[in-house]
$ cat my_file.cif   # mmCIF, C-alpha atoms
data_coords
#
loop_
_atom_site.group_PDB
_atom_site.id
_atom_site.type_symbol
_atom_site.label_atom_id
_atom_site.label_comp_id
_atom_site.auth_asym_id
_atom_site.auth_seq_id
_atom_site.Cartn_x
_atom_site.Cartn_y
_atom_site.Cartn_z
ATOM 1 C CA VAL N 1 112.748 53.603 -93.537
ATOM 2 C CA LEU N 2 112.404 50.991 -90.822
ATOM 3 C CA LEU N 3 114.219 47.702 -91.547
ATOM 4 C CA LEU N 4 112.755 44.640 -89.829
ATOM 5 C CA PHE N 5 114.868 41.625 -90.747
ATOM 6 C CA ASP N 6 116.514 38.646 -89.154
ATOM 7 C CA VAL N 7 120.288 38.554 -89.558
ATOM 8 C CA GLY N 8 120.985 37.755 -93.200
ATOM 9 C CA PRO N 9 121.806 39.073 -96.643
ATOM 10 C CA LEU N 10 118.357 40.609 -97.220
ATOM 11 C CA ALA N 11 118.952 43.057 -94.367
ATOM 12 C CA VAL N 12 122.188 44.260 -95.993
ATOM 13 C CA VAL N 13 120.530 44.474 -99.423
ATOM 14 C CA ALA N 14 117.672 46.510 -97.957
ATOM 15 C CA ALA N 15 120.048 48.897 -96.181
ATOM 16 C CA LEU N 16 122.054 49.459 -99.363
ATOM 17 C CA GLY N 17 118.868 49.989 -101.376
ATOM 18 C CA VAL N 18 117.613 52.591 -98.918
ATOM 19 C CA ALA N 19 120.959 54.398 -99.013
ATOM 20 C CA ARG N 20 121.052 54.261 -102.820
ATOM 21 C CA ALA N 21 117.577 55.788 -102.927
ATOM 22 C CA GLY N 22 118.847 58.730 -100.885
ATOM 23 C CA LYS N 23 116.813 57.836 -97.795
ATOM 24 C CA HIS N 24 117.923 56.846 -94.316
ATOM 25 C CA PHE N 25 117.200 53.704 -92.360
ATOM 26 C CA VAL N 26 116.840 52.441 -88.841
ATOM 27 C CA ALA N 27 117.222 48.697 -88.299
ATOM 28 C CA VAL N 28 115.331 46.858 -85.583
ATOM 29 C CA GLU N 29 115.467 43.241 -84.505
ATOM 30 C CA PRO N 30 112.414 41.034 -84.911
ATOM 31 C CA SER N 31 112.992 39.961 -81.303
ATOM 32 C CA PHE N 32 112.396 43.500 -80.025
ATOM 33 C CA PRO N 33 109.045 43.940 -78.252
ATOM 34 C CA ALA N 34 106.387 45.340 -80.594
ATOM 35 C CA GLN N 35 105.945 48.465 -78.453
ATOM 36 C CA ARG N 36 109.672 49.255 -78.656
ATOM 37 C CA VAL N 37 109.610 48.879 -82.450
ATOM 38 C CA ARG N 38 106.555 51.152 -82.700
ATOM 39 C CA GLU N 39 108.274 53.781 -80.520
ATOM 40 C CA ILE N 40 111.433 53.656 -82.622
ATOM 41 C CA ALA N 41 109.423 53.807 -85.873
ATOM 42 C CA ALA N 42 107.464 56.821 -84.603
ATOM 43 C CA ASP N 43 110.542 58.603 -83.236
ATOM 44 C CA ALA N 44 112.443 58.026 -86.485
ATOM 45 C CA GLY N 45 109.482 59.188 -88.567
ATOM 46 C CA ALA N 46 109.594 55.982 -90.608
ATOM 47 C CA ALA N 47 107.258 56.396 -93.577
ATOM 48 C CA ALA N 48 107.941 52.857 -94.777
ATOM 49 C CA THR N 49 109.001 49.494 -93.399
ATOM 50 C CA LEU N 50 111.034 46.978 -95.373
ATOM 51 C CA THR N 51 110.962 43.352 -94.337
ATOM 52 C CA ASP N 52 110.708 39.886 -95.862
ATOM 53 C CA SER N 53 107.605 37.780 -96.426
ATOM 54 C CA GLU N 54 108.302 35.753 -93.256
ATOM 55 C CA ARG N 55 108.097 38.904 -91.099
ATOM 56 C CA LEU N 56 105.364 40.726 -93.034
ATOM 57 C CA ALA N 57 102.594 40.278 -90.447
ATOM 58 C CA GLN N 58 104.921 41.355 -87.636
ATOM 59 C CA ALA N 59 106.013 44.400 -89.632
ATOM 60 C CA ARG N 60 102.397 45.432 -90.170
ATOM 61 C CA ARG N 61 101.732 45.192 -86.417
ATOM 62 C CA CYS N 62 104.856 47.119 -85.448
ATOM 63 C CA SER N 63 105.114 49.829 -88.100
ATOM 64 C CA ALA N 64 104.185 53.436 -87.560
ATOM 65 C CA ASP N 65 100.565 54.274 -88.332
ATOM 66 C CA GLY N 66 100.060 54.978 -92.019
ATOM 67 C CA SER N 67 103.461 53.717 -93.116
ATOM 68 C CA THR N 68 103.912 51.499 -96.160
ATOM 69 C CA VAL N 69 105.077 47.934 -95.477
ATOM 70 C CA ILE N 70 106.973 46.098 -98.218
ATOM 71 C CA ALA N 71 108.291 42.527 -98.277
ATOM 72 C CA ILE N 72 111.347 42.891 -100.487
ATOM 73 C CA ASP N 73 111.580 39.192 -101.329
ATOM 74 C CA ASP N 74 108.170 39.522 -103.030
ATOM 75 C CA LEU N 75 109.426 42.269 -105.343
ATOM 76 C CA GLY N 76 110.454 41.467 -108.880
ATOM 77 C CA ALA N 77 113.785 42.357 -110.419
ATOM 78 C CA GLY N 78 114.180 46.093 -110.550
ATOM 79 C CA ASP N 79 116.064 48.484 -112.729
ATOM 80 C CA ASP N 80 119.778 47.987 -112.100
ATOM 81 C CA ARG N 81 120.747 51.459 -113.273
ATOM 82 C CA ALA N 82 121.823 53.986 -110.669
ATOM 83 C CA PRO N 83 118.836 56.193 -109.780
ATOM 84 C CA GLY N 84 120.765 59.419 -110.419
ATOM 85 C CA ILE N 85 120.017 60.822 -106.983
ATOM 86 C CA ALA N 86 122.483 63.340 -105.595
ATOM 87 C CA ILE N 87 123.114 62.669 -101.921
ATOM 88 C CA GLU N 88 124.753 65.344 -99.827
ATOM 89 C CA PRO N 89 127.562 64.070 -97.556
ATOM 90 C CA ASP N 90 125.879 65.537 -94.478
ATOM 91 C CA ALA N 91 122.471 64.015 -95.244
ATOM 92 C CA VAL N 92 121.259 61.434 -92.730
ATOM 93 C CA ALA N 93 122.219 57.862 -93.719
ATOM 94 C CA LEU N 94 121.059 55.857 -90.722
ATOM 95 C CA LEU N 95 119.885 55.975 -87.166
ATOM 96 C CA ASN N 96 121.105 53.619 -84.476
ATOM 97 C CA TYR N 97 119.044 53.416 -81.330
ATOM 98 C CA THR N 98 120.643 53.040 -77.936
ATOM 99 C CA SER N 99 119.578 50.293 -75.589
ATOM 100 C CA GLY N 100 117.411 52.757 -73.751
ATOM 101 C CA SER N 101 119.038 52.650 -70.306
ATOM 102 C CA THR N 102 116.723 55.493 -69.291
ATOM 103 C CA GLY N 103 113.734 53.425 -70.383
ATOM 104 C CA ARG N 104 113.363 55.189 -73.711
ATOM 105 C CA PRO N 105 115.658 54.397 -76.687
ATOM 106 C CA LYS N 106 117.432 57.381 -78.229
ATOM 107 C CA GLY N 107 118.401 57.658 -81.887
ATOM 108 C CA VAL N 108 121.993 58.425 -82.849
ATOM 109 C CA VAL N 109 122.259 60.019 -86.283
ATOM 110 C CA GLN N 110 124.929 58.959 -88.756
ATOM 111 C CA THR N 111 125.404 61.062 -91.870
ATOM 112 C CA HIS N 112 126.601 59.643 -95.178
ATOM 113 C CA ARG N 113 129.964 61.298 -94.526
ATOM 114 C CA SER N 114 130.327 59.679 -91.093
ATOM 115 C CA ALA N 115 129.029 56.312 -92.339
ATOM 116 C CA VAL N 116 131.586 56.209 -95.153
ATOM 117 C CA ALA N 117 134.345 57.340 -92.778
ATOM 118 C CA GLN N 118 133.417 54.616 -90.241
ATOM 119 C CA ALA N 119 133.211 51.947 -92.943
ATOM 120 C CA CYS N 120 136.561 52.966 -94.442
ATOM 121 C CA ARG N 121 138.176 53.154 -91.009
ATOM 122 C CA PHE N 122 137.052 49.578 -90.349
ATOM 123 C CA GLY N 123 138.163 48.363 -93.785
ATOM 124 C CA ASN N 124 141.519 50.108 -93.571
ATOM 125 C CA ALA N 125 142.193 48.861 -90.035
ATOM 126 C CA PHE N 126 141.954 45.287 -91.294
ATOM 127 C CA GLU N 127 143.495 46.080 -94.675
ATOM 128 C CA LEU N 128 140.491 44.600 -96.452
ATOM 129 C CA GLY N 129 140.559 44.255 -100.212
ATOM 130 C CA ASP N 130 138.892 42.417 -103.039
ATOM 131 C CA ASP N 131 140.612 39.113 -102.173
ATOM 132 C CA ASP N 132 139.189 39.077 -98.654
ATOM 133 C CA ARG N 133 136.100 37.518 -97.145
ATOM 134 C CA LEU N 134 134.491 38.782 -93.979
ATOM 135 C CA ALA N 135 131.980 36.903 -91.853
ATOM 136 C CA SER N 136 129.245 38.934 -90.201
ATOM 137 C CA PHE N 137 127.031 37.543 -87.448
ATOM 138 C CA GLY N 138 125.189 40.548 -86.048
ATOM 139 C CA SER N 139 121.991 42.426 -86.711
ATOM 140 C CA LEU N 140 122.152 45.828 -88.385
ATOM 141 C CA ALA N 141 120.321 47.087 -85.291
ATOM 142 C CA TRP N 142 123.762 46.953 -83.644
ATOM 143 C CA SER N 143 126.019 49.667 -85.046
ATOM 144 C CA GLY N 144 129.084 47.407 -84.994
ATOM 145 C CA SER N 145 127.474 45.117 -87.547
ATOM 146 C CA VAL N 146 126.765 48.064 -89.824
ATOM 147 C CA TRP N 147 130.469 48.901 -89.954
ATOM 148 C CA ASP N 148 131.430 45.244 -90.459
ATOM 149 C CA ALA N 149 129.098 44.949 -93.420
ATOM 150 C CA PHE N 150 129.727 48.302 -95.048
ATOM 151 C CA GLY N 151 133.449 48.250 -94.242
ATOM 152 C CA ALA N 152 133.856 44.983 -96.122
ATOM 153 C CA LEU N 153 131.724 46.095 -99.057
ATOM 154 C CA CYS N 154 133.341 49.545 -99.352
ATOM 155 C CA MET N 155 136.727 47.886 -99.650
ATOM 156 C CA GLY N 156 135.565 45.346 -102.231
ATOM 157 C CA ALA N 157 135.689 42.361 -99.877
ATOM 158 C CA CYS N 158 133.153 39.547 -99.978
ATOM 159 C CA LEU N 159 130.651 39.680 -97.117
ATOM 160 C CA GLY N 160 129.129 36.501 -95.750
ATOM 161 C CA VAL N 161 126.255 36.896 -93.313
ATOM 162 C CA TYR N 162 125.484 34.028 -90.945
ATOM 163 C CA ALA N 163 122.435 33.924 -88.682
ATOM 164 C CA VAL N 164 123.656 32.111 -85.574
ATOM 165 C CA ARG N 165 120.222 32.116 -83.905
ATOM 166 C CA ARG N 166 118.561 30.519 -86.919
ATOM 167 C CA GLU N 167 121.332 28.252 -88.222
ATOM 168 C CA GLY N 168 122.952 27.336 -84.907
ATOM 169 C CA VAL N 169 126.533 27.297 -83.767
ATOM 170 C CA HIS N 170 126.942 23.653 -84.756
ATOM 171 C CA GLN N 171 126.791 24.623 -88.480
ATOM 172 C CA LEU N 172 129.210 27.540 -88.178
ATOM 173 C CA ALA N 173 132.447 25.641 -88.862
ATOM 174 C CA ALA N 174 131.025 24.072 -92.026
ATOM 175 C CA TRP N 175 129.688 27.455 -93.166
ATOM 176 C CA LEU N 176 133.043 29.153 -92.608
#
$ encode --input "my_file.cif" --output "structure tokens"
Amino acid sequence: VLLLFDVGPLAVVAALGVARAGKHFVAVEPSFPAQRVREIAADAGAAATLTDSERLAQARRCSADGSTVIAIDDLGAGDDRAPGIAIEPDAVALLNYTSGSTGRPKGVVQTHRSAVAQACRFGNAFELGDDDRLASFGSLAWSGSVWDAFGALCMGACLGVYAVRREGVHQLAAWL
């Protein structure tokens, strides 16, 4: 599943929903050139694209041919029960694409086992717990932001996501 979101809580919600459904995701930035997004979507075999209503037209232009495009902020409340899907630890959880120094981005596979290990390593390194709050500023297209977000959530910490490009640096102190 291709995720096309600006930095924000919806991107994290979408990633968690994809994981909970037993699928894997690849996040791309809306600022990426359309051709790069199409190449990543095709290489990843993305059968669906999740986005928000603001990026819906862009997602339709950039998605792999024949893939389903869904604006998650247009969806109604769903069933909050766990879907009862068994996910093997070595199943693919996410793909991160390199910057493409050779001219063609390459996907790096993360399994559920490695994703949980990375998230826990991050959370344990900072001794995160349910009394903590972590600020995240990066896109899930950057693997470091994935571990920030999931590391905080796996340890029970509160995750705050701030979109510097959209909100500006001048609002950051007040937000924090």
$ closest_residue --input "my_file.cif" --among "N:Val26, N:Ala47, N:Ala34, N:Val18" --to "Ile85 in chain N" --atoms "all atoms listed in the file"
N:Val18
$ resolve_selection --input "my_file.cif" --expression "the PyMOL selection byres ((chain N and resi 6) around 9)" --output "list in words"
Leu4, Phe5, Val7, Gly8, Leu10, Ala11, Glu29, Pro30, Ser31, Thr51, Asp52, Arg55, Ser139, Ala163 and Arg166 of chain N
$ closest_residue --input "my_file.cif" --among "N:Ala141, N:Leu16, N:Gly123, N:Ala173" --to "Thr98 in chain N" --atoms "all atoms listed in the file"
N:Ala141
$ residues_around --input "my_file.cif" --residues "Leu176 in chain N" --least-positions-apart "6" --cutoff "12 Å" --atoms "only C-alpha atoms" --output "PDB file with C-alpha atoms, keeping the file's coordinate frame"
ATOM      1  CA  ARG N 133     136.100  37.518 -97.145  1.00  0.00           C
ATOM      2  CA  LEU N 134     134.491  38.782 -93.979  1.00  0.00           C
ATOM      3  CA  ALA N 135     131.980  36.903 -91.853  1.00  0.00           C
ATOM      4  CA  SER N 136     129.245  38.934 -90.201  1.00  0.00           C
ATOM      5  CA  PHE N 137     127.031  37.543 -87.448  1.00  0.00           C
ATOM      6  CA  LEU N 159     130.651  39.680 -97.117  1.00  0.00           C
ATOM      7  CA  GLY N 160     129.129  36.501 -95.750  1.00  0.00           C
ATOM      8  CA  VAL N 161     126.255  36.896 -93.313  1.00  0.00           C
ATOM      9  CA  TYR N 162     125.484  34.028 -90.945  1.00  0.00           C
ATOM     10  CA  VAL N 169     126.533  27.297 -83.767  1.00  0.00           C
ATOM     11  CA  HIS N 170     126.942  23.653 -84.756  1.00  0.00           C
TER      12      HIS N 170
END
$ closest_residue --input "my_file.cif" --among "N:Ser53, N:Gln171, N:Gln118, N:Ser145" --to "Val12 in chain N" --atoms "all atoms listed in the file"
N:Ser145
$ atom_distance --input "my_file.cif" --atom1 "CA of Arg165 in chain N" --atom2 "CA of Val28 in chain N"
15.6 Å
$ decode --input "my_file.cif" --residues "range 35-83 of chain N" --atoms "N, CA and C atoms" --output "compact mmCIF listing (two decimals), in the first residue's frame"
# COMPACT_ATOMS: atom_id res chain seq x y z
N GLN N 35 6.83 11.15 -11.41
CA GLN N 35 7.47 9.99 -12.03
C GLN N 35 8.15 9.11 -10.99
N ARG N 36 8.80 9.72 -10.02
CA ARG N 36 9.47 8.95 -8.95
C ARG N 36 8.43 8.18 -8.15
N VAL N 37 7.31 8.81 -7.82
CA VAL N 37 6.26 8.13 -7.06
C VAL N 37 5.70 6.96 -7.87
N ARG N 38 5.46 7.17 -9.16
CA ARG N 38 4.96 6.08 -10.01
C ARG N 38 5.95 4.91 -10.06
N GLU N 39 7.25 5.22 -10.16
CA GLU N 39 8.27 4.16 -10.19
C GLU N 39 8.29 3.39 -8.87
N ILE N 40 8.22 4.10 -7.77
CA ILE N 40 8.20 3.44 -6.46
C ILE N 40 6.95 2.59 -6.32
N ALA N 41 5.79 3.14 -6.70
CA ALA N 41 4.52 2.40 -6.61
C ALA N 41 4.59 1.12 -7.44
N ALA N 42 5.12 1.22 -8.65
CA ALA N 42 5.22 0.05 -9.53
C ALA N 42 6.21 -0.96 -8.98
N ASP N 43 7.37 -0.49 -8.52
CA ASP N 43 8.39 -1.39 -7.98
C ASP N 43 7.88 -2.11 -6.73
N ALA N 44 7.14 -1.39 -5.90
CA ALA N 44 6.62 -1.97 -4.66
C ALA N 44 5.40 -2.86 -4.91
N GLY N 45 4.82 -2.78 -6.10
CA GLY N 45 3.62 -3.55 -6.39
C GLY N 45 2.42 -3.05 -5.62
N ALA N 46 2.34 -1.74 -5.41
CA ALA N 46 1.27 -1.15 -4.61
C ALA N 46 -0.08 -1.34 -5.31
N ALA N 47 -0.96 -2.09 -4.68
CA ALA N 47 -2.29 -2.33 -5.22
C ALA N 47 -3.27 -1.25 -4.78
N ALA N 48 -2.88 -0.46 -3.79
CA ALA N 48 -3.74 0.61 -3.30
C ALA N 48 -2.88 1.78 -2.85
N THR N 49 -3.48 2.96 -2.87
CA THR N 49 -2.84 4.16 -2.35
C THR N 49 -3.76 4.78 -1.33
N LEU N 50 -3.22 5.09 -0.16
CA LEU N 50 -3.96 5.81 0.87
C LEU N 50 -3.43 7.23 0.92
N THR N 51 -4.35 8.17 1.03
CA THR N 51 -4.00 9.58 1.08
C THR N 51 -5.09 10.30 1.87
N ASP N 52 -5.09 11.63 1.79
CA ASP N 52 -6.19 12.40 2.36
C ASP N 52 -6.88 13.15 1.22
N SER N 53 -8.01 13.77 1.53
CA SER N 53 -8.79 14.41 0.46
C SER N 53 -8.02 15.54 -0.21
N GLU N 54 -7.12 16.19 0.51
CA GLU N 54 -6.32 17.28 -0.06
C GLU N 54 -5.37 16.77 -1.16
N ARG N 55 -4.90 15.55 -1.03
CA ARG N 55 -3.93 14.98 -1.97
C ARG N 55 -4.54 13.96 -2.92
N LEU N 56 -5.86 13.85 -2.94
CA LEU N 56 -6.53 12.81 -3.72
C LEU N 56 -6.21 12.89 -5.22
N ALA N 57 -6.29 14.07 -5.80
CA ALA N 57 -6.00 14.21 -7.24
C ALA N 57 -4.55 13.83 -7.54
N GLN N 58 -3.63 14.27 -6.69
CA GLN N 58 -2.22 13.93 -6.87
C GLN N 58 -2.03 12.42 -6.76
N ALA N 59 -2.68 11.80 -5.81
CA ALA N 59 -2.55 10.35 -5.63
C ALA N 59 -3.05 9.60 -6.85
N ARG N 60 -4.14 10.07 -7.44
CA ARG N 60 -4.67 9.42 -8.64
C ARG N 60 -3.69 9.54 -9.81
N ARG N 61 -3.00 10.67 -9.91
CA ARG N 61 -2.02 10.86 -10.99
C ARG N 61 -0.77 10.02 -10.79
N CYS N 62 -0.41 9.78 -9.54
CA CYS N 62 0.88 9.15 -9.24
C CYS N 62 0.80 7.66 -8.94
N SER N 63 -0.38 7.14 -8.70
CA SER N 63 -0.51 5.73 -8.30
C SER N 63 -0.23 4.80 -9.46
N ALA N 64 0.06 3.57 -9.11
CA ALA N 64 0.28 2.54 -10.13
C ALA N 64 -1.01 2.32 -10.89
N ASP N 65 -0.90 1.99 -12.16
CA ASP N 65 -2.07 1.72 -12.99
C ASP N 65 -2.94 0.64 -12.36
N GLY N 66 -4.24 0.91 -12.28
CA GLY N 66 -5.18 -0.07 -11.76
C GLY N 66 -5.28 -0.14 -10.26
N SER N 67 -4.50 0.66 -9.54
CA SER N 67 -4.56 0.58 -8.08
C SER N 67 -5.74 1.40 -7.56
N THR N 68 -6.22 1.02 -6.40
CA THR N 68 -7.32 1.71 -5.73
C THR N 68 -6.75 2.89 -4.97
N VAL N 69 -7.41 4.04 -5.04
CA VAL N 69 -6.98 5.23 -4.32
C VAL N 69 -8.07 5.59 -3.31
N ILE N 70 -7.68 5.73 -2.05
CA ILE N 70 -8.64 6.00 -0.98
C ILE N 70 -8.17 7.20 -0.16
N ALA N 71 -9.07 8.16 0.03
CA ALA N 71 -8.82 9.29 0.93
C ALA N 71 -9.36 8.89 2.29
N ILE N 72 -8.46 8.64 3.24
CA ILE N 72 -8.91 8.07 4.52
C ILE N 72 -9.72 9.06 5.36
N ASP N 73 -9.55 10.36 5.14
CA ASP N 73 -10.34 11.30 5.92
C ASP N 73 -11.78 11.38 5.43
N ASP N 74 -12.09 10.74 4.30
CA ASP N 74 -13.46 10.66 3.80
C ASP N 74 -14.17 9.40 4.27
N LEU N 75 -13.43 8.51 4.92
CA LEU N 75 -14.03 7.26 5.40
C LEU N 75 -14.79 7.52 6.70
N GLY N 76 -15.82 6.78 6.91
CA GLY N 76 -16.56 6.86 8.17
C GLY N 76 -15.84 6.07 9.25
N ALA N 77 -16.39 6.11 10.44
CA ALA N 77 -15.83 5.33 11.55
C ALA N 77 -15.93 3.85 11.21
N GLY N 78 -14.88 3.15 11.46
CA GLY N 78 -14.85 1.73 11.15
C GLY N 78 -15.09 0.88 12.38
N ASP N 79 -14.94 -0.37 12.22
CA ASP N 79 -15.07 -1.33 13.29
C ASP N 79 -13.79 -1.28 14.12
N ASP N 80 -13.90 -1.04 15.41
CA ASP N 80 -12.70 -0.89 16.23
C ASP N 80 -12.19 -2.21 16.80
N ARG N 81 -12.82 -3.30 16.42
CA ARG N 81 -12.33 -4.61 16.88
C ARG N 81 -11.10 -5.02 16.07
N ALA N 82 -10.21 -5.73 16.69
CA ALA N 82 -9.04 -6.25 15.97
C ALA N 82 -9.52 -7.17 14.85
N PRO N 83 -8.90 -7.10 13.68
CA PRO N 83 -9.39 -7.89 12.54
C PRO N 83 -9.12 -9.38 12.64
